[in-house]
$ cat protein_1.cif   # mmCIF, C-alpha atoms
data_entry
#
loop_
_atom_site.label_atom_id
_atom_site.label_comp_id
_atom_site.auth_asym_id
_atom_site.auth_seq_id
_atom_site.Cartn_x
_atom_site.Cartn_y
_atom_site.Cartn_z
CA MET J 1 -21.68 39.40 18.93
CA SER J 2 -21.73 35.67 18.40
CA GLN J 3 -18.71 33.63 19.45
CA PRO J 4 -17.02 31.30 16.93
CA SER J 5 -18.27 27.76 17.26
CA SER J 6 -15.93 25.15 18.68
CA LEU J 7 -15.39 21.78 17.07
CA LEU J 8 -15.32 20.19 20.52
CA ALA J 9 -18.66 21.79 21.42
CA LEU J 10 -20.44 19.78 18.72
CA PRO J 11 -22.31 16.56 19.56
CA ARG J 12 -20.14 13.44 19.54
CA ASP J 13 -21.90 11.92 16.53
CA VAL J 14 -21.22 15.08 14.49
CA GLN J 15 -17.57 15.04 15.59
CA GLN J 16 -17.30 11.47 14.34
CA ILE J 17 -18.85 12.37 10.98
CA ILE J 18 -16.21 15.07 10.56
CA CYS J 19 -13.34 12.76 11.55
CA GLN J 20 -14.57 10.17 9.07
CA HIS J 21 -13.51 12.55 6.29
CA LEU J 22 -9.86 12.07 7.31
CA PHE J 23 -8.69 8.71 6.00
CA VAL J 24 -4.95 9.39 6.22
CA ALA J 25 -3.67 8.22 9.60
CA ALA J 26 -1.12 11.07 9.75
CA ASP J 27 -3.93 13.64 9.45
CA LEU J 28 -5.84 12.03 12.31
CA HIS J 29 -2.67 12.03 14.40
CA SER J 30 -2.15 15.74 13.65
CA LEU J 31 -5.65 16.44 14.92
CA GLU J 32 -5.12 14.19 17.94
CA VAL J 33 -2.17 16.22 19.24
CA CYS J 34 -3.93 19.59 18.95
CA SER J 35 -5.47 19.43 22.41
CA LYS J 36 -6.70 17.10 25.13
CA GLY J 37 -10.23 17.35 23.76
CA CYS J 38 -9.08 16.45 20.23
CA HIS J 39 -7.12 13.53 21.67
CA GLN J 40 -10.27 12.18 23.27
CA MET J 41 -12.28 12.75 20.09
CA VAL J 42 -9.84 10.81 17.89
CA ASN J 43 -9.34 7.95 20.36
CA ARG J 44 -12.85 6.54 20.27
CA PRO J 45 -13.17 2.90 19.16
CA ALA J 46 -16.34 3.64 17.17
CA LEU J 47 -14.43 6.07 14.94
CA TRP J 48 -11.69 3.58 14.02
CA GLN J 49 -14.19 0.77 13.53
CA SER J 50 -16.11 2.98 11.11
CA LEU J 51 -12.91 3.99 9.26
CA LEU J 52 -11.91 0.33 8.89
CA VAL J 53 -15.28 -0.51 7.33
CA GLN J 54 -15.29 2.49 4.98
CA ARG J 55 -11.75 2.10 3.70
CA PHE J 56 -11.18 -1.66 3.71
CA GLY J 57 -14.70 -3.00 3.29
CA GLN J 58 -17.21 -4.73 5.53
CA LEU J 59 -15.80 -8.20 4.82
CA THR J 60 -12.28 -7.28 5.98
CA ALA J 61 -13.64 -5.53 9.06
CA ASP J 62 -15.87 -8.50 9.94
CA ARG J 63 -12.94 -10.91 9.70
CA LEU J 64 -10.88 -8.67 11.95
CA PHE J 65 -13.59 -8.30 14.59
CA GLN J 66 -14.48 -12.01 14.54
CA THR J 67 -10.91 -13.21 15.11
CA THR J 68 -10.38 -10.94 18.14
CA THR J 69 -12.67 -10.82 21.14
CA ARG J 70 -11.90 -7.20 21.98
CA LEU J 71 -9.64 -4.69 20.24
CA SER J 72 -8.30 -1.67 22.10
CA VAL J 73 -8.11 1.73 20.43
CA LEU J 74 -4.36 1.20 20.03
CA ASP J 75 -4.99 -2.17 18.34
CA LEU J 76 -7.50 -0.59 15.97
CA LYS J 77 -5.11 2.25 15.06
CA GLN J 78 -2.18 -0.10 14.51
CA THR J 79 -4.32 -2.37 12.35
CA TYR J 80 -5.52 0.62 10.30
CA VAL J 81 -1.95 1.80 9.70
CA GLN J 82 -0.76 -1.69 8.80
CA LEU J 83 -3.56 -2.23 6.30
CA SER J 84 -2.93 1.23 4.81
CA ARG J 85 0.66 0.51 3.86
CA GLN J 86 1.65 1.17 0.26
CA ILE J 87 5.01 -0.58 0.42
CA ILE J 88 5.11 -4.38 0.60
CA PRO J 89 8.52 -5.79 1.59
CA ALA J 90 9.89 -8.95 0.01
CA PRO J 91 8.98 -11.28 2.94
CA ASN J 92 5.29 -10.39 2.43
CA MET J 93 5.20 -11.10 -1.30
CA GLN J 94 3.75 -14.35 -2.66
CA ALA J 95 6.03 -16.38 -4.93
CA VAL J 96 5.71 -19.66 -6.81
CA HIS J 97 8.60 -22.08 -6.14
CA LEU J 98 9.64 -20.29 -2.96
CA ASN J 99 12.31 -22.39 -1.24
CA PRO J 100 12.48 -22.07 2.56
CA GLY J 101 16.20 -22.88 2.49
CA THR J 102 18.71 -20.04 2.74
CA SER J 103 22.00 -21.84 2.07
CA PRO J 104 24.11 -20.86 -0.98
CA GLN J 105 23.08 -24.15 -2.60
CA SER J 106 19.34 -23.46 -2.25
CA GLY J 107 17.60 -23.17 -5.60
CA TYR J 108 14.51 -21.48 -6.94
CA LEU J 109 13.44 -18.32 -5.05
CA VAL J 110 14.68 -17.71 -1.51
CA HIS J 111 14.46 -15.08 1.20
CA MET J 112 17.89 -13.90 2.29
CA ARG J 113 19.59 -11.05 4.10
CA MET J 114 21.26 -8.50 1.83
CA THR J 115 23.22 -5.32 2.53
CA GLY J 116 21.51 -2.26 1.14
CA SER J 117 18.01 -3.68 1.42
CA THR J 118 15.43 -1.31 2.87
CA PHE J 119 13.93 -3.99 5.11
CA GLY J 120 16.99 -6.23 5.47
CA THR J 121 15.54 -9.29 3.69
CA VAL J 122 15.07 -9.65 -0.07
CA LEU J 123 13.47 -12.15 -2.43
CA ARG J 124 16.38 -13.65 -4.39
CA LEU J 125 15.98 -15.41 -7.74
CA ARG J 126 18.59 -18.15 -7.82
CA SER J 127 17.32 -20.34 -10.66
CA VAL J 128 13.77 -20.96 -11.89
CA CYS J 129 11.84 -21.53 -15.12
CA TRP J 130 8.38 -20.55 -13.89
CA LEU J 131 8.79 -17.07 -12.39
CA ASP J 132 5.66 -15.74 -10.67
CA ILE J 133 5.60 -13.11 -7.89
CA SER J 134 2.58 -11.20 -6.60
CA ALA J 135 1.39 -8.92 -3.81
CA SER J 136 -1.78 -7.06 -2.82
CA PHE J 137 -2.56 -3.70 -1.26
CA GLN J 138 -5.66 -3.09 0.87
CA GLY J 139 -7.94 -0.06 0.96
CA VAL J 140 -6.06 2.05 -1.59
CA MET J 141 -7.60 5.49 -1.82
CA PRO J 142 -8.85 7.13 -5.04
CA GLY J 143 -6.13 8.46 -7.31
CA GLU J 144 -3.69 7.48 -10.04
CA TYR J 145 -0.83 5.22 -8.96
CA GLN J 146 2.35 3.85 -10.45
CA VAL J 147 3.72 0.44 -9.43
CA LEU J 148 7.44 0.27 -8.74
CA TRP J 149 9.34 -3.00 -8.20
CA ARG J 150 12.61 -2.38 -6.31
CA THR J 151 14.97 -4.66 -8.24
CA ARG J 152 18.69 -5.56 -8.21
CA LYS J 153 20.72 -7.51 -10.81
CA ASP J 154 23.79 -9.57 -10.03
CA ALA J 155 27.08 -8.50 -11.59
CA LEU J 156 28.23 -10.23 -14.80
CA ARG J 157 25.35 -12.70 -14.73
CA PRO J 158 22.73 -12.85 -17.50
CA VAL J 159 19.17 -13.05 -16.22
CA GLY J 160 18.00 -15.35 -19.01
CA SER J 161 17.07 -15.48 -22.67
CA PRO J 162 16.89 -11.84 -23.86
CA GLN J 163 13.66 -12.40 -25.84
CA SER J 164 11.67 -14.05 -23.03
CA GLU J 165 8.71 -11.86 -22.06
CA VAL J 166 8.30 -10.60 -18.50
CA HIS J 167 4.76 -9.48 -17.71
CA MET J 168 3.96 -6.97 -14.96
CA SER J 169 0.29 -6.37 -14.25
CA VAL J 170 -1.70 -4.20 -11.86
CA SER J 171 -5.43 -4.53 -11.25
CA CYS J 172 -7.97 -3.36 -8.71
CA GLU J 173 -11.42 -4.17 -7.39
CA SER J 174 -13.61 -1.93 -5.25
CA VAL J 175 -13.95 -2.83 -1.57
CA ARG J 176 -17.60 -1.73 -1.85
CA PRO J 177 -19.31 -4.05 -4.35
CA HIS J 178 -22.21 -1.69 -5.04
CA SER J 179 -20.19 1.51 -5.39
CA GLY J 180 -20.65 1.57 -9.18
CA SER J 181 -16.93 1.95 -9.91
CA GLN J 182 -15.40 -0.26 -12.59
CA ASP J 183 -12.56 -2.69 -11.88
CA GLU J 184 -9.40 -1.78 -13.78
CA ARG J 185 -6.47 -3.79 -15.10
CA MET J 186 -3.22 -2.75 -16.81
CA GLU J 187 -0.28 -4.83 -18.03
CA VAL J 188 3.29 -3.98 -19.02
CA VAL J 189 5.44 -6.41 -21.01
CA HIS J 190 9.27 -6.30 -21.10
CA HIS J 191 11.80 -8.63 -22.64
CA LEU J 192 14.32 -10.10 -20.22
CA SER J 193 16.90 -7.97 -22.00
CA HIS J 194 15.32 -5.04 -20.12
CA PHE J 195 16.48 -6.63 -16.85
CA ASN J 196 19.82 -7.73 -18.33
CA ASP J 197 20.48 -4.05 -19.04
CA LEU J 198 19.96 -2.94 -15.43
CA PRO J 199 23.11 -1.63 -13.72
CA ASP J 200 24.99 -4.33 -11.82
CA GLU J 201 24.47 -4.61 -8.06
CA GLN J 202 22.37 -1.46 -7.77
CA TRP J 203 18.79 -1.13 -6.54
CA VAL J 204 16.56 0.26 -9.29
CA ASP J 205 12.82 1.06 -9.27
CA VAL J 206 11.38 -0.80 -12.29
CA PRO J 207 7.96 0.60 -13.33
CA GLY J 208 5.20 -2.00 -13.41
CA GLY J 209 2.32 0.05 -14.83
CA ASN J 210 -0.13 2.77 -13.80
CA ILE J 211 -3.69 2.41 -12.61
CA LEU J 212 -6.54 4.88 -11.99
CA ILE J 213 -8.68 4.13 -8.93
CA ALA J 214 -12.11 5.73 -8.55
CA ASP J 215 -13.11 4.31 -5.16
CA PHE J 216 -11.46 2.54 -2.23
CA ALA J 217 -10.01 -0.61 -3.72
CA LYS J 218 -7.85 -3.66 -3.32
CA VAL J 219 -4.91 -3.46 -5.71
CA PHE J 220 -3.19 -6.60 -7.00
CA VAL J 221 0.28 -6.50 -8.58
CA ARG J 222 2.06 -9.36 -10.29
CA LEU J 223 5.34 -10.05 -12.10
CA TRP J 224 5.69 -13.25 -14.09
CA CYS J 225 7.63 -14.99 -16.87
CA HIS J 226 6.48 -18.53 -17.73
CA SER J 227 8.92 -19.26 -20.55
CA GLY J 228 10.84 -22.54 -20.45
CA GLU J 229 14.27 -20.94 -20.07
CA TRP J 230 16.02 -20.81 -16.72
CA LYS J 231 16.13 -17.36 -15.14
CA SER J 232 18.44 -16.17 -12.35
CA GLY J 233 20.41 -13.28 -10.94
CA LEU J 234 17.63 -10.92 -9.78
CA SER J 235 16.55 -9.77 -6.31
CA TRP J 236 13.52 -7.79 -5.14
CA ASP J 237 13.49 -5.55 -2.08
CA TYR J 238 9.86 -4.39 -2.15
CA VAL J 239 7.00 -3.33 -4.38
CA LYS J 240 5.22 -0.04 -3.77
CA LEU J 241 2.44 2.19 -5.06
CA VAL J 242 3.29 5.83 -5.77
CA ASP J 243 0.57 8.45 -6.14
CA VAL J 244 1.62 10.24 -9.33
CA ASN J 245 -0.21 13.41 -8.29
CA GLN J 246 1.57 13.79 -4.95
CA PRO J 247 4.90 15.61 -4.46
CA LEU J 248 7.83 13.24 -3.99
CA SER J 249 8.53 14.78 -0.58
CA ILE J 250 5.45 13.18 0.95
CA GLN J 251 5.38 9.84 -0.81
CA PRO J 252 4.08 7.23 -0.19
CA SER J 253 1.22 9.20 1.41
CA VAL J 254 -2.02 9.27 -0.61
CA GLN J 255 -4.59 11.87 -1.37
CA GLN J 256 -7.55 12.32 0.88
CA ALA J 257 -10.57 10.66 -0.64
CA PRO J 258 -13.45 12.97 -1.54
CA GLN J 259 -16.48 11.99 0.51
CA PRO J 260 -20.03 13.38 0.49
CA ALA J 261 -20.65 15.54 3.55
CA SER J 262 -23.87 15.50 5.55
CA ALA J 263 -25.97 18.66 5.61
CA GLY J 264 -24.28 21.39 7.64
CA VAL J 265 -20.98 19.54 7.92
CA GLY J 266 -19.14 20.84 4.85
CA GLY J 267 -17.94 24.05 6.53
CA LEU J 268 -16.92 22.19 9.66
CA ALA J 269 -14.89 19.74 7.61
CA GLU J 270 -13.05 22.71 6.09
CA ASP J 271 -12.42 24.10 9.59
CA LEU J 272 -11.02 20.72 10.60
CA ARG J 273 -8.61 20.70 7.67
CA ASN J 274 -7.45 24.19 8.69
CA VAL J 275 -6.78 22.94 12.22
CA VAL J 276 -4.69 20.08 10.84
CA ASP J 277 -2.77 22.48 8.55
CA ARG J 278 -1.98 24.80 11.46
CA CYS J 279 -0.83 21.84 13.53
CA ARG J 280 1.53 20.73 10.76
CA GLN J 281 3.07 24.20 10.57
CA GLN J 282 3.96 24.30 14.28
#
$ encode --input "protein_1.cif" --output "structure tokens"
Amino acid sequence: MSQPSSLLALPRDVQQIICQHLFVAADLHSLEVCSKGCHQMVNRPALWQSLLVQRFGQLTADRLFQTTTRLSVLDLKQTYVQLSRQIIPAPNMQAVHLNPGTSPQSGYLVHMRMTGSTFGTVLRLRSVCWLDISASFQGVMPGEYQVLWRTRKDALRPVGSPQSEVHMSVSCESVRPHSGSQDERMEVVHHLSHFNDLPDEQWVDVPGGNILIADFAKVFVRLWCHSGEWKSGLSWDYVKLVDVNQPLSIQPSVQQAPQPASAGVGGLAEDLRNVVDRCRQQ
């Protein structure tokens, strides 16, 4: 009677092909802690280098490898996790008219500490005419996502002219230029009255549009209002992408991307997913 085949008994190149179907870092970690052999299989530099190229594109990987003489496995894993983030805190957003000053008299947009902030530092709108904030996400996996801007309004302070239009856009471009997937763009327009009506001094997730992604992509989000009126009294904690098809209990995790399997690997990939599921249940 034949014995069941072992994942660890397979050639190393086949093991790597199987692991390359797991793009979520948490899934790879679940496999890593299954056994000493799985730990060794997951902690190979070639695997993480390949994952970086597949998910974030050759150009991003080349820049990373060129700026560092030698990256350890830990460096590669940390870089992968950092690039995979789907929450961008206020200090990492780009803003026009960002003032480095933090005193109460500082104008325009400033970074400042605020109680109740998830990351401790927020982007505070003190007073500006030309409002323009943006951020970008790297290597977003296929799926449908909603953009949420974590926003807070000052008490008893109007944001600006109620009829001024605030635009919130989300767009994407494939990290693989020849993948055949189409770039997408979506825009939501609110009047400033929408922000004036937010509850005072409470953090609220303001939707900034949905986008459907067919292949690994860079996602660009932007919030702007270029009217001539002065605007003030808003703060932003972070902007995030939420996979609308995932349960809230595991957000902001993303769905595993469907990838074509090599001949003879499909069943093994299914076995690998079963191993990860069993590990999660322990």
$ closest_residue --input "protein_1.cif" --among "J:Val221, J:Cys129, J:Leu123, J:Val140" --to "J:Leu234" --atoms "only C-alpha atoms"
J:Leu123
$ resolve_selection --input "protein_1.cif" --expression "the PyMOL selection byres ((chain J and resi 29) around 12)" --output "ChimeraX atom specification"
/J:19,22-28,30-35,38-43,77,81,275-277,279-280
$ atom_distance --input "protein_1.cif" --atom1 "atom CA of J:Val122" --atom2 "atom CA of J:Val239"
11.1 Å
$ atom_distance --input "protein_1.cif" --atom1 "atom CA of J:Ala46" --atom2 "atom CA of J:Tyr80"
13.2 Å
$ closest_atom_pairs --input "protein_1.cif" --of "stretch 72-158 of chain J" --to "stretch 58-67 of chain J" --cutoff "10 Å" --atoms "only C-alpha atoms" --output "JSON lines"
{"residue": "J:Leu76", "atom": "CA", "partner": "J:Leu64", "partner_atom": "CA", "distance": 9.6}
{"residue": "J:Thr79", "atom": "CA", "partner": "J:Leu64", "partner_atom": "CA", "distance": 9.1}
{"residue": "J:Gln138", "atom": "CA", "partner": "J:Thr60", "partner_atom": "CA", "distance": 9.4}
{"residue": "J:Gly139", "atom": "CA", "partner": "J:Thr60", "partner_atom": "CA", "distance": 9.8}
$ atom_distance --input "protein_1.cif" --atom1 "atom CA of J:Trp236" --atom2 "atom CA of J:Ala214"
29.2 Å
$ residues_around --input "protein_1.cif" --residues "J:Gln202" --least-positions-apart "3" --cutoff "8 Å" --atoms "all atoms listed in the file" --output "MDAnalysis selection string"
chainID J and resid 152:153 199
